[in-house]
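Student: Handing you a structure now.
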Amino acid sequence: MSDLETLSASVTALEESIATTNGGLDVFYLLFAGAMVFFMQAGFAMLCAGSIRAKNVKNIMLKNILDACGGAVGFWTIGYAFAYGGADSSKLTFIGNSDFVLANIHDGGSLIGWFFQFAFAATAATIVAGTVAERCKFEAYIAYSLMLTGFVYPVVVHSIWSSSGFLSAFTDDENKFLGSGMIDFAGSGVVHMTGGVTALFAAKILGPRIGRFYDADGF
């Protein structure tokens with residue numbers, strides 16, 4: 001083998017090594033970032049525990065756990081598929097239509113991508129926990145958590161973050177809403193506004209916490 005062929009083989013091997021390293025770093029970064037987002041569950045749990053009466057602390061803690069558990073089931077079964085399944089930048093769709101229960105997702109990078117997106121879904125769900133504190137049954141709360149992470153949140157995600165969404169900035173130029181699409185990298189609209197609007201409706205339906213607040217006359 002000539003010196004040129006040896007050099008070429010060395011360069012090829014180096015490029016493959018760099019590509020493998022880059023892939024590993026991407027997976028690690030998504031795992032780390034997803035874990036940081038998921039830690040918001042703990043933050044919301046502490047906020048809720050500090051905003052309610054002591055007798056209901058265990059109740060609200062369990063509801064925060066239900067957000068993570070119920071959210072995982074909802075997002076794993078149908079949520080991720082509705083959000084990103086069958087994305088095609090050449091056409092606009094209302095929701096995704098493939099990859100239910102992660103059927104076609106097997107490689108590490110894609111699975112880490114699912115975990116990262118699930119962390120945001122769980123965050124959107126847990127925003128509502130404090131709003132319904134002390135006056136919502138477990139059965140109703142788990143049903144809400146499954147519905148939000150399985151359908152409501154994925155529809156919003158698909159419209160903005162999927163390349164097939166009608167508001168997406170990642171679709172083909174001719175399909176972009178108002179020529180640019182909606183850009184929301186941090187999730188202020190997709191995650192927090194979705195959770196906030198849901199919380200508003202929940203508070204309106206459930207009403208105030210009777211006996212929690214009093215006026216100057218003690219009523």
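Chains: A, B, ... in order of the structure tokens. Residues: from 1 per chain. Ligands: from 1, in order shown.
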Would you pick out the contacts of segment 24-41 of chain A at 8 Å or less, using only C-alpha atoms, so that residues sharing its chain but fewer than 6 positions from it are not included, and give the list as a list in words?
Tutor: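 The residues satisfying every condition are Asn64, Ala68, Gly108, Gly109, Ile112, Gly113, Phe115, Phe116, Gln117, Ala119, Phe120, Ala122, Thr123 and Thr126 of chain A.
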Student: Would you list the contacts of segment 194-200 of chain A as a PyMOL selection string, taking every protein, DNA or RNA residue within 6 Å and counting only C-alpha atoms, but skipping same-chain residues closer than 2 positions in sequence?
Tutor: chain A and resi 124+127-128+131+190-192+202-203
Student: Using only C-alpha atoms, which of the listed residues (A:Gly165, A:Gly50, A:Pro154, A:Gly70) sits closest to Ser89 of chain A?
Tutor: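 Closest residue, counting only C-alpha atoms: A:Gly165.
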Student: Need to verify the contact set: Ile78 of chain A, 12 Å, only C-alpha atoms, exclusion of same-chain residues closer than 5 positions in sequence. Can you return it as a list in words?
Tutor: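 The residues satisfying every condition are Gly71, Ala72, Val73, Ala83, Tyr84, Gly85, Ile95, Gly96, Asn97, Ser98, Asp99, Phe100, Val101, Leu102, Ala103, Phe118, Leu146, Met147, Leu148, Thr149, Gly150, Phe151, Val152, Tyr153, Pro154 and Val155 of chain A.
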Student: Could you state the separation of atom CA of Gly187 of chain A and atom CA of Tyr144 of chain A in Å, given to one decimal place?
Tutor: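 Calculated distance between atom CA of Gly187 of chain A and atom CA of Tyr144 of chain A is 20.6 Å.
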Student: I need the alpha helix (DSSP H) residues of segment 32-65 of chain A per DSSP on the backbone, written as a ChimeraX atom specification.
Tutor: /A:32-38,40-50,57-65
Student: Output C-alpha atoms for every residue in that selection, as a CSV table (one decimal), in the first residue's frame.
Tutor:
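Saved file part-v7.csv follows:
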```csv
chain,number,residue,atom,x,y,z
A,32,PHE,CA,-28.6,15.6,30.1
A,33,ALA,CA,-30.9,18.3,28.8
A,34,GLY,CA,-33.9,16.0,29.1
A,35,ALA,CA,-33.0,15.2,32.7
A,36,MET,CA,-32.7,18.9,33.5
A,37,VAL,CA,-36.1,19.5,32.0
A,38,PHE,CA,-37.5,16.6,33.9
A,40,MET,CA,-38.9,20.7,36.7
A,41,GLN,CA,-41.2,18.0,38.1
A,42,ALA,CA,-39.4,18.3,41.4
A,43,GLY,CA,-39.6,22.1,41.3
A,44,PHE,CA,-43.3,22.1,40.6
A,45,ALA,CA,-43.8,19.6,43.4
A,46,MET,CA,-42.0,21.8,45.9
A,47,LEU,CA,-44.0,24.9,44.7
A,48,CYS,CA,-47.3,23.0,45.1
A,49,ALA,CA,-46.3,21.6,48.5
A,50,GLY,CA,-45.5,25.1,49.7
A,57,VAL,CA,-49.1,17.7,50.8
A,58,LYS,CA,-49.0,13.9,50.2
A,59,ASN,CA,-51.9,14.2,47.9
A,60,ILE,CA,-50.2,16.8,45.7
A,61,MET,CA,-46.9,14.9,45.7
A,62,LEU,CA,-48.7,11.8,44.4
A,63,LYS,CA,-50.4,13.9,41.7
A,64,ASN,CA,-47.0,15.1,40.5
A,65,ILE,CA,-45.8,11.5,40.3
```
Student: Closest to Thr171 of chain A among A:Ile183, A:Val132, A:Ala54, A:Ala9, using only C-alpha atoms?
Tutor: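 Selected residue with least distance to Thr171 of chain A: A:Ile183.
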Student: Restricting the calculation to only C-alpha atoms: of A:Pro208, A:Gly181, A:Gly23, A:Gly74, which residue gets closest to Ser164 of chain A?
Tutor: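 When distances to Ser164 of chain A are compared using only C-alpha atoms, the smallest one comes from A:Gly181.
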